[in-house]
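Since the structure comes first, as structure tokens, the remarks are kept for the end.
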Amino acid sequence: MPELPEVETIRRQLASRLQGRLILEADSHPSEKFTPAVASIGATIQGLSRKGKYLIASLNDGRELIIHLGMTGSLALAPQVPDDPYIRAWWLLDRDEVLIYRDVRRFGRIRCVPAGQYDSIPTLADQGPDALSIDFTPEAFYQALRKSKRRIPTQLFSQKPVAGVGNIYGNEALWIAGIHPAKRQISRAAATRLHAALVEVLEAGLANGGTTLRDYRNADGDEGSHQHALACYGRSGQPCLRCATPLQHRTYDARTLTFCPQCQPR
DNA sequence: CGCAGCGCCTGAAGGC
DNA sequence: TGCCTTCAGGCGCTGC
């Protein structure tokens with residue numbers, strides 16, 4: 001499930017290879033989630049940026065091609081379109097190369113909009129500062145968390161206090177910061193710890209090329225390695241790496257959270 | 001306006 | 001062995 005480190009890994013791999021490329025042809029799965037891919041035909045890609053989990057290709061006609069990878073999405077460059085039923089969109093570029101968008105579960109989506117006009121993409125329009133940007137500060141994070149009475153993990157996953165965090169890195173950061181996932185309000189000190197923990201785990205995930213539990217592959221088709229560094233996510237029942245108490249898991253707001261009942265008191 | 005609940009999707013895993 | 005059920009979860013949408 002691509003979160004910030006996975007999306008950024010893909011962005012770094014593709015940015016220079018897509019810059020200046022002309023989109024000659026495109027096609028997509030018939031779902032409206034993906035058909036906007038064809039709207040980019042005839043444009044030239046000027047650059048590839050990222051906001052949270054969204055990839056944004058700026059086009060030379062004043063628009064942006066926006067790609068979200070959902071749970072199982074991946075992007076790759078290939079000489080031709082592979083024979084693969086899970087390819088949901090492709091863009092034929094100049095110099096005989098095809099950008100391939102593969103998404104088994106179709107949770108991803110593609111849009112083509114005037115640059116910066118994100119009203120049809122509310123999660124992008126309303127999202128907070130990217131977790132690895134200078135705008136993500138402890139004080140702003142604390143103030144954003146104070147605005148809502150929802151559980152802290154639910155707020156994180158809303159992308160509003162900070163953009164780019166999903167279940168894996170959210171679980172890890174809550175464990176590092178010692179914050180129970182059922183909490184709805186946390187102190188300024190706890191928010192500061194969580195801020196630092198988020199930056200730490202996201203940077204570590206990026207350094208490891210992302211987390212591959214099952215589907216995730218980078219733009220070269222390779223797996224990440226951060227799954228070997230996870231201390232909390234997916235380790236329910238196993239001993240906490242700090243205190244050896246067995247980790248527990250519970251569902252909050254339809255999301256499974258793993259935590260240490262000792263290190264993350266309610 | 002905030003938010004709870006549901007739907008979208010498919011493959012893997014577990015139960016019988 | 002094989003069928004059925006459950007689960008995973010990011011995000012959009014609906015309705016309270």
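Ordering of the structure tokens sets the chain letters (A, B, ...); residue numbers start at 1 within each chain; ligands are numbered from 1 in the order shown.
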
Give me the residues within 12 Å of segment 4-9 of chain C as number ranges by chain, counting only C-alpha atoms (C1' of nucleotides) and dropping any in the same chain fewer than 3 places off. A: 1-3, 70-72, 105, 107-108, 157, 166-168, 213-214, 234, 251, 253-257; B: 8-16

Those selected residues, please, written with N, CA and C atoms (P, O5', C5', C4', C3', O3' and C1' of nucleotides) and delivered as a compact mmCIF listing (two decimals), in the first residue's frame.
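Saved as selection09.txt:
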```txt
# COMPACT_ATOMS: atom_id res chain seq x y z
N MET A 1 0.85 -1.18 0.00
CA MET A 1 0.00 0.00 0.00
C MET A 1 0.88 1.23 0.00
N PRO A 2 1.01 1.84 -1.14
CA PRO A 2 1.94 2.95 -1.25
C PRO A 2 1.59 4.12 -0.34
N GLU A 3 2.52 4.43 0.55
CA GLU A 3 2.44 5.65 1.35
C GLU A 3 3.56 6.57 0.87
N GLY A 70 -3.50 4.24 -4.81
CA GLY A 70 -4.43 3.44 -4.01
C GLY A 70 -3.70 2.43 -3.15
N MET A 71 -4.21 1.22 -3.11
CA MET A 71 -3.61 0.16 -2.30
C MET A 71 -2.57 -0.64 -3.06
N THR A 72 -2.84 -0.85 -4.34
CA THR A 72 -2.02 -1.83 -5.07
C THR A 72 -1.46 -1.26 -6.37
N ARG A 105 -6.42 -3.88 -7.52
CA ARG A 105 -7.70 -3.69 -6.82
C ARG A 105 -8.45 -2.44 -7.22
N PHE A 107 -8.17 0.60 -6.51
CA PHE A 107 -8.41 1.63 -5.50
C PHE A 107 -7.73 2.94 -5.88
N GLY A 108 -6.88 2.90 -6.86
CA GLY A 108 -6.20 4.11 -7.30
C GLY A 108 -7.09 4.94 -8.20
N PHE A 157 -4.79 9.42 9.06
CA PHE A 157 -5.15 8.82 7.78
C PHE A 157 -6.03 9.75 6.93
N GLY A 166 -0.02 6.49 5.98
CA GLY A 166 -1.03 5.45 5.95
C GLY A 166 -0.85 4.53 7.15
N ASN A 167 -1.44 3.36 7.06
CA ASN A 167 -1.50 2.48 8.22
C ASN A 167 -0.12 2.00 8.68
N ILE A 168 0.72 1.64 7.75
CA ILE A 168 2.02 1.05 8.13
C ILE A 168 2.86 2.06 8.92
N LEU A 213 4.95 -5.58 1.38
CA LEU A 213 4.32 -6.67 2.11
C LEU A 213 3.81 -7.71 1.12
N ARG A 214 3.28 -7.21 0.03
CA ARG A 214 2.80 -8.12 -1.01
C ARG A 214 2.91 -7.49 -2.39
N GLY A 234 1.91 -5.22 11.83
CA GLY A 234 1.92 -6.63 11.45
C GLY A 234 2.57 -7.56 12.47
N THR A 251 -9.35 -3.03 16.08
CA THR A 251 -9.90 -2.23 14.98
C THR A 251 -10.50 -0.95 15.53
N ASP A 253 -12.26 2.57 14.03
CA ASP A 253 -12.75 3.26 12.83
C ASP A 253 -12.42 2.48 11.56
N ALA A 254 -12.65 1.17 11.61
CA ALA A 254 -12.50 0.30 10.45
C ALA A 254 -11.05 0.14 9.99
N ARG A 255 -10.09 0.45 10.85
CA ARG A 255 -8.68 0.26 10.52
C ARG A 255 -8.03 -0.57 11.61
N THR A 256 -7.22 -1.53 11.23
CA THR A 256 -6.52 -2.35 12.20
C THR A 256 -5.28 -1.63 12.70
N LEU A 257 -5.21 -1.45 14.00
CA LEU A 257 -4.04 -0.80 14.61
C LEU A 257 -3.34 -1.78 15.53
P DC B 8 -20.43 -1.28 -4.51
O5' DC B 8 -18.96 -0.98 -5.04
C5' DC B 8 -18.68 0.30 -5.58
C4' DC B 8 -17.20 0.55 -5.55
C3' DC B 8 -16.37 -0.57 -6.20
O3' DC B 8 -15.55 0.02 -7.18
C1' DC B 8 -15.43 0.11 -4.15
P DC B 9 -15.48 -0.71 -8.64
O5' DC B 9 -14.18 -1.57 -8.40
C5' DC B 9 -14.27 -2.91 -8.09
C4' DC B 9 -12.95 -3.36 -7.56
C3' DC B 9 -12.80 -4.85 -7.63
O3' DC B 9 -12.06 -5.13 -8.81
C1' DC B 9 -12.06 -3.97 -5.51
P DT B 10 -12.25 -6.53 -9.53
O5' DT B 10 -11.16 -7.42 -8.78
C5' DT B 10 -9.79 -7.05 -8.84
C4' DT B 10 -9.04 -7.80 -7.78
C3' DT B 10 -9.20 -9.31 -7.88
O3' DT B 10 -7.99 -9.83 -8.37
C1' DT B 10 -9.35 -8.51 -5.61
P DG B 11 -7.80 -11.38 -8.60
O5' DG B 11 -6.88 -11.72 -7.36
C5' DG B 11 -5.73 -10.92 -7.11
C4' DG B 11 -5.12 -11.32 -5.78
C3' DG B 11 -4.83 -12.81 -5.65
O3' DG B 11 -3.61 -12.94 -4.94
C1' DG B 11 -6.36 -12.13 -3.96
P DA B 12 -2.98 -14.37 -4.70
O5' DA B 12 -3.09 -14.47 -3.11
C5' DA B 12 -2.60 -13.40 -2.33
C4' DA B 12 -2.95 -13.63 -0.88
C3' DA B 12 -2.66 -15.04 -0.37
O3' DA B 12 -2.03 -14.92 0.89
C1' DA B 12 -4.93 -14.50 0.02
P DA B 13 -1.40 -16.21 1.60
O5' DA B 13 -2.41 -16.48 2.80
C5' DA B 13 -2.86 -15.40 3.60
C4' DA B 13 -4.01 -15.87 4.46
C3' DA B 13 -3.87 -17.29 5.00
O3' DA B 13 -4.21 -17.29 6.37
C1' DA B 13 -5.93 -17.05 3.90
P DG B 14 -3.80 -18.52 7.31
O5' DG B 14 -5.18 -18.87 8.02
C5' DG B 14 -6.05 -17.82 8.44
C4' DG B 14 -7.47 -18.33 8.47
C3' DG B 14 -7.62 -19.75 9.05
O3' DG B 14 -8.61 -19.73 10.06
C1' DG B 14 -8.73 -19.58 6.97
P DG B 15 -8.90 -21.07 10.94
O5' DG B 15 -10.33 -21.48 10.42
C5' DG B 15 -11.37 -20.50 10.40
C4' DG B 15 -12.64 -21.14 9.86
C3' DG B 15 -12.92 -22.54 10.40
O3' DG B 15 -14.30 -22.65 10.69
C1' DG B 15 -12.77 -22.59 8.02
P DC B 16 -14.83 -23.92 11.58
O5' DC B 16 -15.45 -24.89 10.48
C5' DC B 16 -16.50 -24.39 9.64
C4' DC B 16 -16.74 -25.37 8.50
C3' DC B 16 -16.81 -26.84 8.95
O3' DC B 16 -17.98 -27.43 8.41
C1' DC B 16 -15.34 -26.58 7.11
```

Ala189 of chain A surroundings by only C-alpha atoms (C1' of nucleotides), 9 Å radius, close-in-sequence under 4 positions cut, as a ChimeraX atom specification: /A:142,193-194

I want to know what sits within 12 Å of DG7 of chain B, based on only C-alpha atoms (C1' of nucleotides), with residues of the same chain fewer than 3 positions away left out; could you give that as a list in words? Phe107 of chain A; DC11, DG12, DC13 and DT14 of chain C

Residues from the last selection, N, CA and C atoms (P, O5', C5', C4', C3', O3' and C1' of nucleotides), saved as a compact mmCIF listing (two decimals), in the first residue's frame:
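The result, written out as out_10.txt:
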```txt
# COMPACT_ATOMS: atom_id res chain seq x y z
N PHE A 107 -8.17 0.60 -6.51
CA PHE A 107 -8.41 1.63 -5.50
C PHE A 107 -7.73 2.94 -5.88
P DC C 11 -5.35 8.27 0.50
O5' DC C 11 -6.84 8.46 -0.04
C5' DC C 11 -7.13 8.07 -1.38
C4' DC C 11 -8.62 8.02 -1.57
C3' DC C 11 -9.36 9.30 -1.20
O3' DC C 11 -10.05 9.73 -2.35
C1' DC C 11 -10.51 7.39 -0.44
P DG C 12 -10.58 11.20 -2.52
O5' DG C 12 -12.04 10.90 -3.05
C5' DG C 12 -12.21 9.96 -4.11
C4' DG C 12 -13.67 9.57 -4.20
C3' DG C 12 -14.64 10.73 -4.06
O3' DG C 12 -15.68 10.57 -5.01
C1' DG C 12 -15.08 9.12 -2.37
P DC C 13 -16.72 11.71 -5.28
O5' DC C 13 -18.01 11.19 -4.51
C5' DC C 13 -18.50 9.88 -4.77
C4' DC C 13 -19.51 9.50 -3.72
C3' DC C 13 -20.53 10.59 -3.42
O3' DC C 13 -21.82 10.11 -3.74
C1' DC C 13 -19.68 9.60 -1.42
P DT C 14 -23.05 11.10 -3.71
O5' DT C 14 -23.82 10.59 -2.41
C5' DT C 14 -24.03 9.20 -2.22
C4' DT C 14 -24.62 8.97 -0.84
C3' DT C 14 -25.69 9.98 -0.45
O3' DT C 14 -26.81 9.30 0.07
C1' DT C 14 -24.03 9.90 1.23
```

Extract the full set of strand (DSSP E or B) residues from segment 112-222 of chain A according to DSSP on the backbone, and format it as JSON, numbers by chain. {"A": [112, 113, 114, 130, 163]}

Neighbour list for Ala131 of chain A as a list in words, cut-off 9 Å, only C-alpha atoms (C1' of nucleotides), skip fewer than 3 positions in-chain: Leu4, Gly52, Gly128, Ile134, Asp135, Phe136, Thr137, Val162, Ala163, Gly164, Val165, His195, Leu198, Val199 and Leu202 of chain A

Just give me the gap between atom CA of Glu64 of chain A and atom CA of Ala15 of chain A in Å, one decimal is fine. 14.2 Å

Residue neighbourhood Leu59 of chain A, 10 Å, only C-alpha atoms (C1' of nucleotides), exclusion window fewer than 2 positions, as JSON, numbers by chain: {"A": [19, 20, 21, 22, 23, 40, 42, 43, 44, 45, 46, 47, 48, 56, 57, 61, 62, 63, 64, 65, 112, 113, 114, 115]}

Give me the residues near Ser31 of chain A as a list in words, where near means some atom within 10 Å (using only C-alpha atoms (C1' of nucleotides)) and where sequence neighbours in that chain fewer than 5 positions away do not count. Pro36, Arg88, Arg106 and Arg109 of chain A

In segment 70-263 of chain A, what's alpha helix (DSSP H) per DSSP? Answer as a PyMOL selection string? chain A and resi 122-125+138-146+152-157+167-177+188-207

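Distance check against Gln127 of chain A using only C-alpha atoms: of A:Tyr54, A:Ala191, A:Arg102, A:Glu172, the minimum falls on A:Tyr54.
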
Could you state the separation of atom CA of Arg266 of chain A and atom CA of Leu145 of chain A in Å, given to one decimal place?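 Atom-to-atom, atom CA of Arg266 of chain A to atom CA of Leu145 of chain A, that is 17.1 Å.
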
As an exercise, work out the distance from atom CA of Pro261 of chain A to atom CA of Ala173 of chain A in Å and give it to one decimal place.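 These two atoms are separated by 14.9 Å.
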